[in-house]
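In what follows, a single structure is set out as structure tokens and then discussed.
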Amino acid sequence: MTLKPSSIPELQKLLPQSQRVTGVSLEAVAELLEHVPEDMTATVRAGMTLAEFQSHLAKTNQWLPVDLTQPETVTIGELLASNLNGPRRFGFGTIRNWLIGLAVVLPDGRLIRNGGKVVKNVAGFDLCRLFVGAKNELGIIVEAAFKLLPLPEAETYLAKRCESLDQAEEFLEKVWLSDLQPTVLDLHRIDSELVTLVVGLAGPSADVEAQLGAANALGIVAQTSLNYDARFRQTRPNFTSVAPGNLISTLRDLGDESFVARAGNGVIYHPSAKPIEVDSPNLQKRVKEIFDPKGVLPG
Amino acid sequence: MGINFKAGKGQLIRRLVELVGEDAVIADERELVVYECDAYTLQRNPPTAVVLPRSTQEVTAVVRLCAKLGLPIIPRGAGTSLSGAVLAVDGGVMIALTRMNRVLNIDPRNRRALVEAGCVNAWITRDASVHGLFYAPDPSSQTACTIGGNIATNSGGPHTLKNGVTTNHVLGYEMVLPDGTVEWLGVEANGGEEVPGFDLRGAAIGSEGMFGVVTRVLVRLMKTPQAFKTFLCIFESVDEASQAVSGIIAAGIVPAALEMMDQLIIQAIEEAYHFGFPLDAGAVLIVELDGLAKGVEQQAKRVEDVCLRNNAREVRLAGNATERVALWKSRKRAFGAIGRLSPNYVTQDGVVPRSKLPEIMRFISSVSDKYELRIPNVFHAGDGNIHPLILYDEREPDQVRRALQAGNDILGKCIELGGSVTGEHGIGAEKIDFMARQYNRDDLDAMQQLRRVFDPKKRCNPHKMFPGAKRCAEFAQKKQITA
């Protein structure tokens with residue numbers, strides 16, 4: 001069943017009484033609690049969509065450096081529970097890097113907090129990381145605090161369409177070894193188009209200008225957008241994850257299959273990808289048993 | 001647990017020697033003195049024995065023996081902890097990783113390094129730099145502290161402002177659990193970075209050695225920036241320097257490092273290392289920018305503007321790499337210069353929201369007056385992470401009492417301002433009492449739940465972090481004086 005609490009206390013009451021909760025809608029738990037621009041931090045309830053959160057932050061020229069294909073529909077809670085990310089992941093990392101505090105309702109109804117609202121904090125164990133990507137299997141995230149970044153002064157995307165994977169590899173290696181500091185480093189081949197290398201540059205304007213010159217010198221010139229990512233990933237393809245150095249050889253094995261790859265991270269979205277097997281199954285099982293002994297939540 | 005291992009100590013030592021050899025077991029009381037504390041010296045107690053294993057297999061064998069005997073195990077790196085994290089509160093077998101200190105592999109294509117847990121932090125960058133790569137977290141003790149210890153405390157350092165702390169750079173690691181099973185948590189050496197399931201890697205970083213013994217570590221390396229600009233910004237007062245820090249952050253600049261030193265520490269450092277700091281300055285900021293040359297140039301202009309607007313007397317640029325290295329060397333050895341000011345010091349590690357820096361600095365100054373103790377400051381201003389060094393003389397019981405009180409007051413204020421009692425040094429044995437002030441009962445119980453996943457018997461580095469833990473007898477006396 002899906003729960004639709006009107007408040008956090010109501011969720012605390014509902015959860016322990018429920019069995020086999022498949023979803024929790026936090027539409028009613030969606031306020032921005034605090035944004036302190038001079039601290040570059042913000043605290044928000046989990047039901048707010050990412051797009052709305054970003055629009056609040058943008059008023060003072062800041063953002064949470066994570067880019068999703070559907071920011072208008074994805075909530076902060078879903079972003080965290082599924083550890084979602086997009087092409088800018090190469091430059092900014094995943095949401096784990098930006099999370100500094102959490103409030104979670106555990107299956108027994110307890111509301112717990114971990115971390116806080118300061119950017120550095122090692123008091124106690126890091127439960128924040130445990131709940132990120134845990135798919136609501138251990139508890140329901142109801143509130144999150146993030147550190148933020150200034151919106152990049154300038155941002156630009158370049159594409160190099162390549163005749164073959166060999167050529168794509170050649171350009172990828174050039175970028176990898178150069179002084180460029182791309183925020184996006186993608187390769188894609190969608191519906192038998194040419195393999196395309198995408199290089200994103202963002203930062204202070206003088207920096208982006210200098211990098212642009214350096215990228216042009218490498219033969220990467222054409223301007224592009226990141227639309228391909230949303231277009232391709234709307235079918236929610238699975239992914240294969242390899243060490244970045246094994247990316248091209250893995251892509252070769254795909255034959256003609258379409259893909260979008262985070263080349264800098266070694267993550268390849270493609271239709272035939274198989275779910276990755278979980279390591280340390282005993283420990284994983286113990287986590288679930290200890291945090292959700294009655295199996296209230298999925299998983 | 002009530003195990004009477006004192007009676008069976010001889011037998012324990014024999015068993016340990018069988019497992020790791022005579023040269024890898026320390027049991028002589030005179031030699032154990034080295035292991036009775038770390039860099040936090042207010043509490044001391046020797047372990048029953050120390051072992052110095054050379055491989056994961058040896059660690060596993062020792063851990064299994066301790067599991068069988070129900071003995072505490074205390075993992076230890078270089079013992080540079082500032083919070084008593086590796087104190088053997090109630091004896092037990094200390095597993096020191098200092099012989100497992102090799103850099104096993106540098107993988108430039110994947111920008112990764114595989115090292116043993118006892119590997120010294122700075123050695124990774126030393127070996128990676130030929131490939132134009134470096135390991136980002138740089139605690140001030142980086143020429144001594146080990147990567148395993150860094151994982152235990154989720155260590156930071158001056159340059160974590162832009163690049164993040166240990167958890168952002170450790171991809172995966174091998175850990176021997178307290179029951180003797182060996183698990184690899186997180187990304188594997190040649191594996192992809194997406195790891196399905198609960199993030200046990202992340203959950204165990206910063207667990208202060210209470211979840212198991214880390215034996216091998218896979219870290220992420222970063223490309224060495226093309227250009228650096230390092231400024232020494234000189235102010236008449238701590239207040240103006242604090243305002244400048246807030247100003248830099250508010251201007252949307254994220255420097256690689258943003259450090260503050262006040263007059264007392266400047267004078268001590270200058271006397272010790274002769275860098276050329278102005279002795280009459282109220283405070284200095286070290287601001288480092290890195291990236292591509294042109295971008296750095298643009299940012300540099302802005303930093304200079306903000307500092308001058310906040311009444312900087314002078315903004316000096318490190319002229320070349322040698323000067324930059326010398327500046328950082330002085331900064332990172334700041335704690336070492338304290339010996340010139342005082343026989344003893346205790347350093348606190350609180351964090352406040354960055355805009356509250358001026359307030360907490362004024363508070364520290366009032367605490368210094370109130371308890372009549374000198375408190376120099378050298379800290380990670382850009383993160384809001386303070387390091388007041390409370391100076392005292394341990395031969396004067398009243399000074400010890402006042403030093404403890406002063407630390408208490410400062411950390412209490414950090415909590416009040418919405419911050420934390422520790423940004424990078426950890427709770428350890430030192431700050432246990434603060435856990436119940438920063439977190440409520442349910443929060444702490446949830447942490448204990450996580451502990452149960454790894455160490456249900458609470459044998460790994462016991463009596464740390466959680467309120468109600470046992471204390472060393474000698475420290476209990478000191479606390480009584482405080483009361």
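Every chain in the structure tokens takes a letter, A first, then B, and so on in the order presented; its residues are numbered from 1, and the ligands are numbered from 1 following the presented order.
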For the contact check between chain B and chain A, emit one row per residue of chain B within 6 Å, containing the shortest atom pair and the distance in Å rounded to one decimal, counting only C-alpha atoms, chain then rising number order, as CSV.
residue,atom,partner,partner_atom,distance
B:Arg109,CA,A:Gly245,CA,5.9
B:Asn110,CA,A:Gly245,CA,5.6
B:Asn190,CA,A:Ala243,CA,5.9
B:Gly191,CA,A:Ala243,CA,5.1
B:Gly192,CA,A:Val242,CA,3.6
B:Glu194,CA,A:Ser241,CA,5.8
B:Pro196,CA,A:Val278,CA,5.6
B:Gly197,CA,A:Val278,CA,5.8
B:Phe198,CA,A:Ala134,CA,5.4
B:Asp199,CA,A:Leu130,CA,5.3
B:Gly202,CA,A:Arg129,CA,5.4
B:Ala203,CA,A:Asp126,CA,5.3
B:Ser207,CA,A:Phe125,CA,5.4
B:Ala250,CA,A:Glu38,CA,4.7
B:Gly252,CA,A:Pro150,CA,5.1
B:Lys294,CA,A:Asp207,CA,5.5
B:Gly295,CA,A:Asp207,CA,3.7
B:Pro353,CA,A:Val118,CA,5.4
B:Arg354,CA,A:Asp39,CA,5.3
B:Ser355,CA,A:Asp39,CA,5.8
B:Gly419,CA,A:Val118,CA,5.8
B:Thr422,CA,A:Ala123,CA,5.6
B:Gly423,CA,A:Asn121,CA,4.2
B:Glu424,CA,A:Val122,CA,5.8
B:Gly426,CA,A:Val122,CA,5.8
B:Asp442,CA,A:Ile112,CA,5.9
B:Asp443,CA,A:Ile112,CA,4.9
B:Met447,CA,A:Phe125,CA,6.0
B:Val453,CA,A:Val287,CA,5.8
Prev. selection, C-alpha atoms, output as a PDB file, in the first residue's frame:
ATOM      1  CA  ARG B 109      44.156   5.507 -16.338  1.00  0.00           C
ATOM      2  CA  ASN B 110      41.433   4.972 -13.764  1.00  0.00           C
ATOM      3  CA  ASN B 190      39.187  -2.998 -11.235  1.00  0.00           C
ATOM      4  CA  GLY B 191      35.459  -2.593 -10.782  1.00  0.00           C
ATOM      5  CA  GLY B 192      32.874  -0.009 -11.734  1.00  0.00           C
ATOM      6  CA  GLU B 194      28.262   1.842  -9.104  1.00  0.00           C
ATOM      7  CA  PRO B 196      24.361  -1.851  -5.601  1.00  0.00           C
ATOM      8  CA  GLY B 197      22.850  -2.430  -2.168  1.00  0.00           C
ATOM      9  CA  PHE B 198      23.157  -0.374   0.993  1.00  0.00           C
ATOM     10  CA  ASP B 199      26.251   1.851   1.066  1.00  0.00           C
ATOM     11  CA  GLY B 202      30.031   5.050   3.302  1.00  0.00           C
ATOM     12  CA  ALA B 203      28.357   3.922   6.506  1.00  0.00           C
ATOM     13  CA  SER B 207      33.067   4.840  12.429  1.00  0.00           C
ATOM     14  CA  ALA B 250      29.109  34.818   0.001  1.00  0.00           C
ATOM     15  CA  GLY B 252      30.330  32.567  -4.622  1.00  0.00           C
ATOM     16  CA  LYS B 294      42.924  32.025 -16.525  1.00  0.00           C
ATOM     17  CA  GLY B 295      40.065  31.129 -14.186  1.00  0.00           C
ATOM     18  CA  PRO B 353      27.760  27.618  10.095  1.00  0.00           C
ATOM     19  CA  ARG B 354      30.266  29.729   8.197  1.00  0.00           C
ATOM     20  CA  SER B 355      28.369  32.963   8.752  1.00  0.00           C
ATOM     21  CA  GLY B 419      26.996  23.383  14.519  1.00  0.00           C
ATOM     22  CA  THR B 422      33.682  17.741  15.755  1.00  0.00           C
ATOM     23  CA  GLY B 423      34.456  18.403  12.113  1.00  0.00           C
ATOM     24  CA  GLU B 424      37.324  15.993  11.593  1.00  0.00           C
ATOM     25  CA  GLY B 426      36.098  12.490  15.923  1.00  0.00           C
ATOM     26  CA  ASP B 442      16.621   7.887  19.193  1.00  0.00           C
ATOM     27  CA  ASP B 443      19.405   9.313  17.028  1.00  0.00           C
ATOM     28  CA  MET B 447      23.739   4.638  15.378  1.00  0.00           C
ATOM     29  CA  VAL B 453      25.424  -4.795  11.815  1.00  0.00           C
TER      30      VAL B 453
END
Problem - Residue list (strand (DSSP E), DSSP) for stretch 67-188 of chain A, as a PyMOL selection string - result: chain A and resi 99-105+111-115+140-147+149-150+154-162+184-188
Residue selection dump (N, CA and C atoms) as a tab-separated table (two decimals), in the first residue's frame:
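What landed in out01.tsv:
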chain	number	residue	atom	x	y	z
A	99	LEU	N	25.06	15.96	0.52
A	99	LEU	CA	24.16	15.78	1.66
A	99	LEU	C	24.93	15.99	2.96
A	100	ILE	N	24.40	16.85	3.86
A	100	ILE	CA	25.09	17.06	5.14
A	100	ILE	C	24.22	16.70	6.34
A	101	GLY	N	22.94	16.43	6.11
A	101	GLY	CA	22.10	16.04	7.23
A	101	GLY	C	20.81	15.42	6.75
A	102	LEU	N	20.24	14.54	7.57
A	102	LEU	CA	19.01	13.84	7.20
A	102	LEU	C	18.09	13.71	8.39
A	103	ALA	N	16.78	13.72	8.13
A	103	ALA	CA	15.82	13.23	9.12
A	103	ALA	C	15.08	12.08	8.45
A	104	VAL	N	14.93	10.99	9.19
A	104	VAL	CA	14.36	9.77	8.63
A	104	VAL	C	13.33	9.22	9.61
A	105	VAL	N	12.19	8.77	9.10
A	105	VAL	CA	11.25	8.04	9.95
A	105	VAL	C	11.53	6.55	9.77
A	111	LEU	N	11.52	9.09	14.73
A	111	LEU	CA	12.09	10.10	13.84
A	111	LEU	C	13.53	10.32	14.27
A	112	ILE	N	14.47	10.01	13.39
A	112	ILE	CA	15.88	10.20	13.78
A	112	ILE	C	16.57	11.21	12.87
A	113	ARG	N	17.57	11.86	13.45
A	113	ARG	CA	18.37	12.81	12.67
A	113	ARG	C	19.82	12.39	12.68
A	114	ASN	N	20.50	12.69	11.59
A	114	ASN	CA	21.93	12.40	11.50
A	114	ASN	C	22.60	13.52	10.74
A	115	GLY	N	23.84	13.81	11.09
A	115	GLY	CA	24.51	14.95	10.48
A	115	GLY	C	23.91	16.22	11.02
A	140	ILE	N	12.05	6.09	5.89
A	140	ILE	CA	11.59	7.07	4.92
A	140	ILE	C	12.27	8.41	5.21
A	141	ILE	N	13.02	8.88	4.24
A	141	ILE	CA	13.69	10.18	4.39
A	141	ILE	C	12.63	11.27	4.33
A	142	VAL	N	12.59	12.13	5.36
A	142	VAL	CA	11.58	13.19	5.39
A	142	VAL	C	12.17	14.59	5.29
A	143	GLU	N	13.47	14.70	5.52
A	143	GLU	CA	14.09	16.02	5.53
A	143	GLU	C	15.56	15.86	5.18
A	144	ALA	N	16.11	16.82	4.45
A	144	ALA	CA	17.52	16.72	4.10
A	144	ALA	C	18.16	18.10	4.10
A	145	ALA	N	19.42	18.15	4.53
A	145	ALA	CA	20.20	19.39	4.47
A	145	ALA	C	21.35	19.17	3.49
A	146	PHE	N	21.61	20.18	2.68
A	146	PHE	CA	22.64	20.07	1.65
A	146	PHE	C	23.61	21.22	1.72
A	147	LYS	N	24.85	20.95	1.32
A	147	LYS	CA	25.71	22.08	0.99
A	147	LYS	C	25.50	22.38	-0.49
A	149	LEU	N	26.41	24.99	-4.14
A	149	LEU	CA	27.46	25.68	-4.88
A	149	LEU	C	26.87	26.92	-5.53
A	150	PRO	N	27.74	27.91	-5.82
A	150	PRO	CA	27.25	29.01	-6.65
A	150	PRO	C	26.92	28.48	-8.04
A	154	ALA	N	29.41	30.51	-16.16
A	154	ALA	CA	29.30	30.16	-17.57
A	154	ALA	C	29.25	28.65	-17.69
A	155	GLU	N	28.57	28.18	-18.71
A	155	GLU	CA	28.44	26.73	-18.91
A	155	GLU	C	28.31	26.50	-20.41
A	156	THR	N	29.04	25.53	-20.92
A	156	THR	CA	28.92	25.25	-22.35
A	156	THR	C	29.18	23.77	-22.63
A	157	TYR	N	28.56	23.26	-23.67
A	157	TYR	CA	28.68	21.84	-24.01
A	157	TYR	C	29.16	21.69	-25.43
A	158	LEU	N	30.14	20.83	-25.60
A	158	LEU	CA	30.72	20.61	-26.92
A	158	LEU	C	30.54	19.16	-27.31
A	159	ALA	N	30.36	18.93	-28.61
A	159	ALA	CA	30.21	17.56	-29.08
A	159	ALA	C	31.23	17.27	-30.17
A	160	LYS	N	31.73	16.06	-30.18
A	160	LYS	CA	32.57	15.61	-31.29
A	160	LYS	C	31.96	14.32	-31.83
A	161	ARG	N	31.43	14.42	-33.03
A	161	ARG	CA	30.85	13.22	-33.65
A	161	ARG	C	31.98	12.41	-34.28
A	162	CYS	N	31.99	11.14	-33.94
A	162	CYS	CA	33.13	10.31	-34.33
A	162	CYS	C	32.70	9.24	-35.33
A	184	VAL	N	31.12	17.44	-17.58
A	184	VAL	CA	30.42	16.35	-18.27
A	184	VAL	C	31.41	15.68	-19.20
A	185	LEU	N	31.44	14.35	-19.20
A	185	LEU	CA	32.27	13.62	-20.15
A	185	LEU	C	31.47	12.38	-20.55
A	186	ASP	N	30.68	12.53	-21.57
A	186	ASP	CA	29.76	11.47	-21.99
A	186	ASP	C	30.12	10.96	-23.38
A	187	LEU	N	29.69	9.74	-23.65
A	187	LEU	CA	29.72	9.20	-25.01
A	187	LEU	C	28.31	8.68	-25.26
A	188	HIS	N	27.78	8.94	-26.45
A	188	HIS	CA	26.49	8.32	-26.73
A	188	HIS	C	26.35	7.89	-28.18
Problem - Neighbour list for A:Ala215 as an NGL selection string, cut-off 8 Å, only C-alpha atoms, skip fewer than 5 positions in-chain - result: :A and (175 or 180 or 220-221)
Practice task
Excluding A:Glu34 and residues on its chain fewer than 6 positions from it, collect all residues at most 7 Å away from it, counting only C-alpha atoms, and give them as a ChimeraX atom specification.
Solution key: /A:42-44
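Backbone DSSP over stretch 426-468 of chain B gives helix (DSSP H, G or I) for B:Ile432, B:Asp433, B:Phe434, B:Met435, B:Ala436, B:Arg437, B:Gln438, B:Arg441, B:Asp442, B:Asp443, B:Leu444, B:Asp445, B:Ala446, B:Met447, B:Gln448, B:Gln449, B:Leu450, B:Arg451, B:Arg452, B:Val453, B:Phe454.
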Take the residues that were just selected and, keeping C-alpha atoms, output them as a PDB file, in the first residue's frame.
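The resulting again08.pdb:
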ATOM      1  CA  ILE B 432      31.554  11.247  24.562  1.00  0.00           C
ATOM      2  CA  ASP B 433      29.608  13.560  26.858  1.00  0.00           C
ATOM      3  CA  PHE B 434      28.709  15.796  23.947  1.00  0.00           C
ATOM      4  CA  MET B 435      26.984  13.109  21.913  1.00  0.00           C
ATOM      5  CA  ALA B 436      23.863  13.322  24.062  1.00  0.00           C
ATOM      6  CA  ARG B 437      23.863  17.091  23.673  1.00  0.00           C
ATOM      7  CA  GLN B 438      24.120  17.020  19.898  1.00  0.00           C
ATOM      8  CA  ARG B 441      18.241   9.184  22.390  1.00  0.00           C
ATOM      9  CA  ASP B 442      16.621   7.887  19.193  1.00  0.00           C
ATOM     10  CA  ASP B 443      19.405   9.313  17.028  1.00  0.00           C
ATOM     11  CA  LEU B 444      22.008   7.539  19.151  1.00  0.00           C
ATOM     12  CA  ASP B 445      20.019   4.291  19.173  1.00  0.00           C
ATOM     13  CA  ALA B 446      19.940   4.338  15.371  1.00  0.00           C
ATOM     14  CA  MET B 447      23.739   4.638  15.378  1.00  0.00           C
ATOM     15  CA  GLN B 448      23.930   1.664  17.733  1.00  0.00           C
ATOM     16  CA  GLN B 449      21.748  -0.273  15.300  1.00  0.00           C
ATOM     17  CA  LEU B 450      24.314   0.333  12.584  1.00  0.00           C
ATOM     18  CA  ARG B 451      27.045  -0.767  14.969  1.00  0.00           C
ATOM     19  CA  ARG B 452      25.183  -4.050  15.526  1.00  0.00           C
ATOM     20  CA  VAL B 453      25.424  -4.795  11.815  1.00  0.00           C
ATOM     21  CA  PHE B 454      29.212  -4.881  12.042  1.00  0.00           C
TER      22      PHE B 454
END
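Our summary of the geometry notes that atom CA of A:Val198 is positioned 11.4 Å from atom CA of A:Asn227.
A straight line drawn from atom CA of B:Ser242 to atom CA of B:Ala293 is 27.4 Å long.
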Practice task
Quick one: everything within 7 Å of B:Ala78, counting only C-alpha atoms, minus sequence neighbours fewer than 6 positions away in the same chain. Send it as a list in words.
Solution key: Thr98, Ala144, Cys145 and Thr146 of chain B
Limited to C-alpha atoms, could you put the picked residues into a file as a PDB file, in the first residue's frame?
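Below is the file that was written, selection.pdb:
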ATOM      1  CA  THR B  98      52.068   0.247  10.619  1.00  0.00           C
ATOM      2  CA  ALA B 144      52.557  10.554   9.647  1.00  0.00           C
ATOM      3  CA  CYS B 145      48.886   9.561   9.701  1.00  0.00           C
ATOM      4  CA  THR B 146      47.720   6.463   7.853  1.00  0.00           C
TER       5      THR B 146
END
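What separates atom CA of A:Gln223 from atom CA of A:Leu201 is a distance of 11.2 Å.
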Exercise for the section: Would you list the contacts of A:Pro5 as a list in words, taking every protein, DNA or RNA residue within 8 Å and counting only C-alpha atoms, but skipping same-chain residues closer than 2 positions in sequence? Expected result: Leu3, Ser7, Ile8, Glu10, Leu11, Leu14, Val24, Ser25, Leu26 and Ala28 of chain A
